[in-house]
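**Q** My structure is in query.txt, and what it holds is compact mmCIF, C-alpha atoms:
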```txt
# COMPACT_ATOMS: atom_id res chain seq x y z
CA MET D 1286 -4.40 -25.56 3.84
CA SER D 1287 -5.12 -23.51 6.97
CA GLU D 1288 -1.66 -24.35 8.33
CA HIS D 1289 0.04 -22.30 5.60
CA GLY D 1290 -1.02 -18.92 6.95
CA GLY D 1291 -2.78 -17.31 3.99
CA ALA D 1292 -5.65 -14.91 4.62
CA THR D 1293 -7.79 -17.09 2.33
CA TRP D 1294 -7.24 -20.42 0.60
CA ASN D 1295 -7.05 -18.51 -2.70
CA GLU D 1296 -3.63 -17.16 -1.64
CA VAL D 1297 -2.05 -20.56 -0.96
CA SER D 1298 -0.50 -22.62 -3.73
CA ALA D 1299 -1.48 -26.29 -3.86
CA LYS D 1300 2.21 -27.05 -4.40
CA ALA D 1301 2.89 -25.98 -0.82
CA VAL D 1302 1.32 -29.19 0.47
CA ARG D 1303 3.65 -31.28 -1.69
CA PHE D 1304 6.81 -29.30 -0.92
CA TYR D 1305 6.38 -29.02 2.84
CA ASP D 1306 8.58 -31.39 4.88
CA HIS D 1307 6.93 -32.58 8.08
CA CYS D 1308 9.18 -33.17 11.07
CA PRO D 1309 8.65 -36.32 13.16
CA GLY D 1310 6.70 -35.92 16.38
CA ASP D 1311 4.31 -33.13 17.28
CA PRO D 1312 6.03 -29.71 17.11
CA LEU D 1313 2.95 -27.96 18.50
CA ILE D 1314 3.32 -29.67 21.88
CA ASN D 1315 6.98 -30.37 22.50
CA TRP D 1316 10.43 -29.47 21.17
CA LYS D 1317 13.26 -31.63 22.48
CA GLU D 1318 11.35 -32.13 25.74
CA ARG D 1319 11.88 -28.52 26.81
CA THR D 1320 9.74 -26.53 24.33
CA TYR D 1321 11.61 -23.39 23.20
CA ALA D 1322 13.35 -22.72 26.51
CA THR D 1323 16.57 -24.13 25.06
CA VAL D 1324 16.56 -21.56 22.27
CA LEU D 1325 15.88 -18.69 24.69
CA GLU D 1326 18.67 -19.81 27.02
CA TYR D 1327 21.12 -19.91 24.13
CA ILE D 1328 20.15 -16.39 23.05
CA LEU D 1329 20.46 -15.03 26.59
CA MET D 1330 23.88 -16.60 27.09
CA ASN D 1331 25.27 -14.85 24.01
CA ILE D 1332 25.70 -11.18 23.22
CA THR D 1333 22.19 -10.03 22.30
CA LYS D 1334 20.92 -6.46 21.98
CA PHE D 1335 17.23 -6.39 22.86
CA ASN D 1336 14.85 -3.60 21.82
CA THR D 1337 17.31 -2.53 19.13
CA LYS D 1338 15.80 -2.09 15.68
CA VAL D 1339 18.10 -2.29 12.67
CA THR D 1340 17.21 0.40 10.13
CA GLU D 1341 20.01 0.08 7.58
CA ILE D 1342 22.66 -2.41 6.50
CA LYS D 1343 25.47 -0.90 4.43
CA TYR D 1344 27.31 -3.69 2.67
CA GLU D 1345 28.98 -1.98 -0.28
CA GLU D 1346 32.31 -2.08 1.56
CA THR D 1347 33.75 -4.23 4.32
CA PRO D 1348 33.41 -4.28 7.18
CA VAL D 1349 29.64 -4.17 6.83
CA LYS D 1350 28.00 -1.35 8.78
CA VAL D 1351 24.76 -2.09 10.67
CA ILE D 1352 22.86 1.03 11.79
CA THR D 1353 20.08 1.00 14.40
CA ALA D 1354 17.09 3.27 14.99
CA ASN D 1355 18.81 5.02 17.91
CA GLY D 1356 21.83 5.90 15.78
CA GLU D 1357 24.23 3.21 16.99
CA GLU D 1358 26.56 1.64 14.43
CA TYR D 1359 28.09 -1.83 14.44
CA LEU D 1360 30.84 -3.13 12.16
CA ALA D 1361 30.97 -6.77 11.09
CA ASP D 1362 32.81 -8.96 8.62
CA HIS D 1363 29.74 -11.14 8.21
CA VAL D 1364 26.03 -10.34 8.65
CA ILE D 1365 23.19 -12.87 8.80
CA ALA D 1366 19.85 -11.11 8.29
CA THR D 1367 16.85 -12.94 9.79
CA PRO D 1368 13.81 -10.62 9.46
CA SER D 1369 10.46 -12.03 8.44
CA LEU D 1370 9.37 -11.77 4.82
CA GLY D 1371 6.77 -9.18 5.82
CA VAL D 1372 9.42 -6.94 7.39
CA LEU D 1373 11.62 -7.30 4.31
CA GLN D 1374 8.77 -6.41 1.97
CA LYS D 1375 7.84 -3.33 3.99
CA ASN D 1376 11.39 -1.99 4.41
CA ILE D 1377 13.04 -3.27 1.24
CA ASP D 1378 13.62 0.25 -0.13
CA THR D 1379 15.53 1.52 2.92
CA LEU D 1380 16.97 -1.46 4.78
CA PHE D 1381 19.83 -2.36 2.43
CA ASN D 1382 22.42 0.00 0.98
CA PRO D 1383 23.05 -0.53 -1.87
CA GLN D 1384 19.72 -1.98 -2.97
CA LEU D 1385 19.61 -5.76 -3.25
CA PRO D 1386 20.11 -7.37 -6.69
CA GLU D 1387 16.94 -7.52 -8.78
CA LYS D 1388 16.86 -11.33 -8.67
CA LYS D 1389 16.75 -11.26 -4.89
CA LEU D 1390 14.18 -8.44 -4.91
CA ASN D 1391 11.89 -10.53 -7.09
CA ALA D 1392 12.24 -13.45 -4.67
CA ILE D 1393 11.34 -11.26 -1.70
CA LYS D 1394 8.53 -9.39 -3.40
CA PRO D 1395 6.73 -10.79 -6.47
CA GLN D 1396 6.73 -7.37 -8.03
CA LYS D 1397 5.31 -8.10 -11.46
CA ARG D 1398 2.04 -9.35 -10.03
CA TRP D 1399 0.60 -5.83 -10.08
CA LEU D 1400 0.53 -5.99 -13.88
CA LEU D 1401 -2.37 -8.45 -13.54
CA GLY D 1402 -4.40 -5.55 -12.17
CA ILE D 1403 -4.24 -3.48 -15.37
CA SER D 1404 -7.86 -3.51 -16.50
CA SER D 1405 -7.68 -1.12 -19.45
CA GLY D 1406 -5.51 1.26 -21.43
CA ILE D 1407 -7.05 4.34 -23.01
CA ARG D 1408 -6.02 7.41 -24.96
CA VAL D 1409 -6.70 10.75 -23.32
CA GLU D 1410 -8.76 13.23 -25.33
CA HIS D 1411 -6.75 16.17 -26.70
CA LYS D 1412 -3.54 14.48 -25.48
CA PRO D 1413 -2.40 12.38 -28.47
CA LYS D 1414 0.91 11.44 -26.86
CA LEU D 1415 -0.58 10.37 -23.53
CA LEU D 1416 -1.61 6.78 -22.71
CA LEU D 1417 -3.53 6.03 -19.50
CA PHE D 1418 -3.66 2.63 -17.77
CA TRP D 1419 -6.15 1.70 -15.05
CA VAL D 1420 -5.01 -0.61 -12.23
CA THR D 1421 -7.68 -2.19 -10.05
CA GLY D 1422 -8.17 -4.26 -6.92
CA PRO D 1423 -5.45 -5.30 -4.46
CA TYR D 1424 -2.81 -4.70 -7.14
CA ILE D 1425 -3.06 -0.94 -6.63
CA LYS D 1426 -1.09 -0.88 -3.39
CA GLU D 1427 1.52 -3.23 -4.81
CA MET D 1428 1.96 -0.94 -7.80
CA GLU D 1429 2.33 2.13 -5.59
CA THR D 1430 4.98 0.62 -3.31
CA LEU D 1431 7.32 -0.64 -6.04
CA PRO D 1432 10.78 0.94 -6.16
CA GLU D 1433 10.63 3.69 -8.79
CA GLU D 1434 13.30 2.23 -11.07
CA ILE D 1435 11.65 -1.20 -11.15
CA PHE D 1436 8.22 0.35 -11.78
CA GLN D 1437 9.56 2.34 -14.73
CA GLU D 1438 11.19 -0.70 -16.34
CA GLN D 1439 8.13 -2.90 -15.88
CA VAL D 1440 5.84 -0.34 -17.51
CA LYS D 1441 8.17 -0.11 -20.51
CA GLU D 1442 8.30 -3.90 -20.75
CA PHE D 1443 4.50 -4.11 -20.55
CA VAL D 1444 3.98 -1.54 -23.32
CA LYS D 1445 6.52 -3.21 -25.62
CA ARG D 1446 5.01 -6.65 -25.08
CA PHE D 1447 1.50 -5.60 -26.09
CA PHE D 1448 2.21 -2.87 -28.65
CA GLY D 1449 5.76 -3.50 -29.84
CA LYS D 1450 4.83 -5.74 -32.78
CA ALA D 1451 2.17 -3.42 -34.15
CA TYR D 1452 3.89 -0.07 -33.61
CA ASN D 1453 7.37 1.40 -33.90
CA LEU D 1454 7.79 2.36 -30.25
CA THR D 1455 10.25 4.62 -28.49
CA ASP D 1456 10.68 4.77 -24.72
CA PRO D 1457 8.26 7.22 -23.09
CA LYS D 1458 9.85 10.40 -21.77
CA ILE D 1459 7.74 10.48 -18.61
CA ILE D 1460 6.04 7.66 -16.70
CA LYS D 1461 3.91 8.73 -13.74
CA ARG D 1462 1.80 6.71 -11.33
CA SER D 1463 -0.92 7.74 -8.91
CA LEU D 1464 -0.31 7.25 -5.19
CA TRP D 1465 -3.86 7.56 -3.87
CA ASN D 1466 -3.66 4.48 -1.68
CA THR D 1467 -0.40 5.34 0.11
CA ASN D 1468 -0.84 9.13 0.20
CA GLU D 1469 -1.69 10.11 3.78
CA ASN D 1470 -4.13 12.74 2.49
CA PHE D 1471 -6.27 10.19 0.63
CA LEU D 1472 -5.57 6.58 1.77
CA GLY D 1473 -7.64 5.10 -1.02
CA VAL D 1474 -8.84 5.79 -4.53
CA TYR D 1475 -12.58 6.15 -4.02
CA SER D 1476 -15.26 4.38 -2.02
CA PHE D 1477 -17.93 2.03 -3.28
CA TYR D 1478 -21.19 0.60 -1.99
CA GLY D 1479 -20.07 -2.70 -0.46
CA LEU D 1480 -21.66 -5.74 1.15
CA GLN D 1481 -20.60 -4.53 4.59
CA THR D 1482 -22.95 -1.59 4.13
CA ASP D 1483 -25.87 -3.99 3.73
CA VAL D 1484 -24.80 -6.05 6.75
CA SER D 1485 -23.97 -3.36 9.30
CA GLY D 1486 -26.53 -0.86 8.09
CA PRO D 1487 -24.64 2.47 7.98
CA HIS D 1488 -26.35 4.87 5.63
CA THR D 1489 -24.81 7.62 3.54
CA GLU D 1490 -27.47 9.97 4.87
CA ASP D 1491 -26.12 9.50 8.40
CA PHE D 1492 -22.72 10.63 7.21
CA VAL D 1493 -24.01 13.56 5.17
CA ASP D 1494 -26.37 15.05 7.79
CA PRO D 1495 -24.94 18.40 8.96
CA ILE D 1496 -24.10 19.07 12.59
CA MET D 1497 -26.11 21.89 14.13
CA LYS D 1498 -25.12 24.06 17.08
CA PHE D 1499 -27.43 26.82 18.34
CA ASP D 1500 -29.51 26.53 15.15
CA LYS D 1501 -26.42 27.06 13.01
CA LEU D 1502 -24.76 24.79 10.48
CA VAL D 1503 -21.32 24.39 12.03
CA LEU D 1504 -20.10 21.28 10.22
CA GLN D 1505 -21.08 19.78 6.88
CA PHE D 1506 -19.74 16.94 4.74
CA ALA D 1507 -19.63 17.13 0.96
CA GLY D 1508 -16.58 15.15 -0.08
CA GLU D 1509 -16.06 11.67 -1.42
CA ALA D 1510 -18.47 8.94 -0.22
CA THR D 1511 -21.25 11.39 0.64
CA THR D 1512 -23.76 9.97 -1.85
CA SER D 1513 -25.01 6.56 -2.93
CA HIS D 1514 -26.02 7.72 -6.39
CA TYR D 1515 -22.65 8.26 -8.03
CA GLY D 1516 -19.02 7.50 -7.33
CA ILE D 1517 -15.87 9.12 -8.62
CA SER D 1518 -16.83 12.13 -10.74
CA LEU D 1519 -16.84 15.90 -10.87
CA ARG D 1520 -20.28 15.85 -9.27
CA HIS D 1521 -18.62 15.75 -5.85
CA THR D 1522 -16.84 18.98 -6.69
CA ILE D 1523 -20.08 20.51 -7.95
CA LYS D 1524 -21.78 19.48 -4.71
CA ILE D 1525 -19.07 21.23 -2.67
CA ILE D 1526 -19.45 24.38 -4.78
CA LYS D 1527 -23.24 24.38 -4.33
CA MET D 1528 -22.94 23.90 -0.58
CA THR D 1529 -20.39 26.71 -0.36
CA ASN D 1530 -22.62 29.02 -2.39
CA LYS D 1531 -25.57 28.34 -0.08
CA LEU D 1532 -23.46 29.29 2.93
CA LEU D 1533 -22.25 32.45 1.20
CA ILE D 1534 -25.81 33.46 0.35
CA LYS D 1535 -26.88 32.84 3.92
CA LEU D 1536 -23.93 34.84 5.22
CA LYS D 1537 -24.76 37.70 2.87
CA ASN D 1538 -28.38 37.76 4.03
CA LEU D 1539 -27.34 37.79 7.67
CA ILE D 1540 -24.88 40.62 7.09
CA GLU D 1541 -27.55 42.64 5.33
CA LYS D 1542 -29.79 42.16 8.35
CA ASN D 1543 -26.93 43.22 10.65
CA CYS D 1544 -26.90 39.80 12.26
CA ILE D 1545 -23.87 37.99 13.57
CA PHE D 1546 -23.18 34.76 11.71
```
Any chance you could give the structure as structure tokens?
**A**
Amino acid sequence: MSEHGGATWNEVSAKAVRFYDHCPGDPLINWKERTYATVLEYILMNITKFNTKVTEIKYEETPVKVITANGEEYLADHVIATPSLGVLQKNIDTLFNPQLPEKKLNAIKPQKRWLLGISSGIRVEHKPKLLLFWVTGPYIKEMETLPEEIFQEQVKEFVKRFFGKAYNLTDPKIIKRSLWNTNENFLGVYSFYGLQTDVSGPHTEDFVDPIMKFDKLVLQFAGEATTSHYGISLRHTIKIIKMTNKLLIKLKNLIEKNCIF
């Protein structure tokens, strides 16, 4: 199973062993007696643009237009795209214009898998027309990176499948998703006390301890992950307010004593 490249054996389907066709000989040692030199020689003999990244393929009209990162454009009657699956999954929203057909998108990126991460659906107090779903685990990032149109349709399909028989449903007017994991200002939902903490030994107290310079508090931490006693809650905000108030009181006392803070 290790030959199939998954991060863990839980990611690899047992069917892969049955479907894989083994070539005769030992491909790890030799390829046609010359390793991969034959392939490299063929590439070098032909017209090849090295260090040229393709950023967009416009195929709505012919000839097809291939655009590179440095702004160069190439016209072609036929294009054979050979990026890895990882590159396709990362750039699927911008690489092809127009967007690829949904059937091909589903083959490149198993986009409905994120629905397995929905752990609960709850009504929001004082908001009778609002329904909140929680997505957990590795499915969060997958949910956040879905193309918007596909995300909208899958949410509607999910709601109809589970509630359509019991209720007379209409399509929601607004469907919003959080982007905590991919937002550069957050890069995650909220921290938790993990096994790595027990192994490596970092303590929350080490993170929270203020930095002193010349007997002054010059830098303090009061945000997320600054306590082991509670996780995501308004108590972090309350802690920030309390810390700010203490500094304001200290500043006021120093001003009253004609001291420089």
**Q** Could you name the residues that touch Phe1418 of chain D at 7 Å or less, counting only C-alpha atoms, but leaving out those on the same chain fewer than 4 positions away, as a list of chain:residue names?
**A**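 In the requested form, the answer reads D:Ile1403, D:Ser1405, D:Gly1406, D:Ile1407.
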**Q** Generate a file of the selected residues that holds C-alpha atoms, formatted as a short mmCIF file (atom, residue, chain, number, x, y, z; two decimals), in the frame of the given file.
**A**
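result-v4.cif, freshly written:
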```
data_model
loop_
_atom_site.label_atom_id
_atom_site.label_comp_id
_atom_site.auth_asym_id
_atom_site.auth_seq_id
_atom_site.Cartn_x
_atom_site.Cartn_y
_atom_site.Cartn_z
CA ILE D 1403 -4.24 -3.48 -15.37
CA SER D 1405 -7.68 -1.12 -19.45
CA GLY D 1406 -5.51 1.26 -21.43
CA ILE D 1407 -7.05 4.34 -23.01
#
```
**Q** When you draw a straight line from atom CA of Leu1504 of chain D to atom CA of Thr1467 of chain D, how long is it in Å?
**A**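 Going from atom CA of Leu1504 of chain D over to atom CA of Thr1467 of chain D covers 27.3 Å.
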**Q** One number please: atom CA of Phe1471 of chain D to atom CA of Val1444 of chain D, in Å, one decimal.
**A**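 About the pair atom CA of Phe1471 of chain D and atom CA of Val1444 of chain D: they are 28.6 Å apart.
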**Q** I want to know what sits within 10 Å of Thr1337 of chain D, based on only C-alpha atoms, with residues of the same chain fewer than 2 positions away left out; could you give that as a PDB file with C-alpha atoms, in the frame of the given file?
**A**
```pdb
ATOM      1  CA  THR D1333      22.190 -10.030  22.300  1.00  0.00           C
ATOM      2  CA  LYS D1334      20.920  -6.460  21.980  1.00  0.00           C
ATOM      3  CA  PHE D1335      17.230  -6.390  22.860  1.00  0.00           C
ATOM      4  CA  VAL D1339      18.100  -2.290  12.670  1.00  0.00           C
ATOM      5  CA  THR D1340      17.210   0.400  10.130  1.00  0.00           C
ATOM      6  CA  ILE D1352      22.860   1.030  11.790  1.00  0.00           C
ATOM      7  CA  THR D1353      20.080   1.000  14.400  1.00  0.00           C
ATOM      8  CA  ALA D1354      17.090   3.270  14.990  1.00  0.00           C
ATOM      9  CA  ASN D1355      18.810   5.020  17.910  1.00  0.00           C
ATOM     10  CA  GLU D1357      24.230   3.210  16.990  1.00  0.00           C
TER      11      GLU D1357
END
```
**Q** What is the atom CA of Pro1348 of chain D to atom CA of Glu1387 of chain D distance in Å?
**A** 23.2 Å
**Q** For Tyr1344 of chain D, which residue out of D:Ser1369, D:Asn1376, D:Thr1323, D:Asn1382 is the nearest one, using all atoms listed in the file?
**A**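 Once distances to Tyr1344 of chain D are computed over all atoms listed in the file, the minimum belongs to D:Asn1382.
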**Q** With distances taken over only C-alpha atoms, which residue among D:Ile1459, D:Cys1308, D:Ala1507, D:Ile1540 lies nearest Lys1527 of chain D?
**A**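 Ranked by minimum distance to Lys1527 of chain D, first place goes to D:Ala1507.
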**Q** Counting only C-alpha atoms, which of D:Val1364, D:Val1349, D:Met1428, D:Ala1322 gets nearest to Trp1399 of chain D?
**A**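 For Trp1399 of chain D, the nearest of the given residues is D:Met1428.
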**Q** Identify which of the residues D:Leu1401, D:Val1493, D:Met1330, D:Leu1385 lies closest to Glu1345 of chain D, counting all atoms listed in the file when measuring atom-to-atom distances.
**A** D:Leu1385
**Q** Please define a box with edges along x, y and z of the file around all atoms of segment 1340-1358 of chain D given in the file, extend it by 5 Å on each side, and return its centre and edge lengths in Å to one decimal, as JSON.
**A**
```
{"center_x": 25.4, "center_y": 0.8, "center_z": 8.8, "size_x": 26.7, "size_y": 20.2, "size_z": 28.2}
```
**Q** Nearest residue to Lys1375 of chain D out of D:Leu1415, D:Leu1329, D:Lys1397, D:Glu1427, using all atoms listed in the file?
**A**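 Ranking D:Leu1415, D:Leu1329, D:Lys1397, D:Glu1427 by distance to Lys1375 of chain D, first place goes to D:Glu1427.
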**Q** Excluding Leu1373 of chain D and any residue of its chain fewer than 5 positions from it, enumerate the residues within 8 Å of it, using all atoms listed in the file, and give them as number ranges by chain.
**A** D: 1368, 1380, 1393
**Q** Here is a test: counting all atoms listed in the file, which residue of D:Lys1501, D:Lys1350, D:Arg1446, D:His1307 is nearest to Phe1381 of chain D?
**A** D:Lys1350
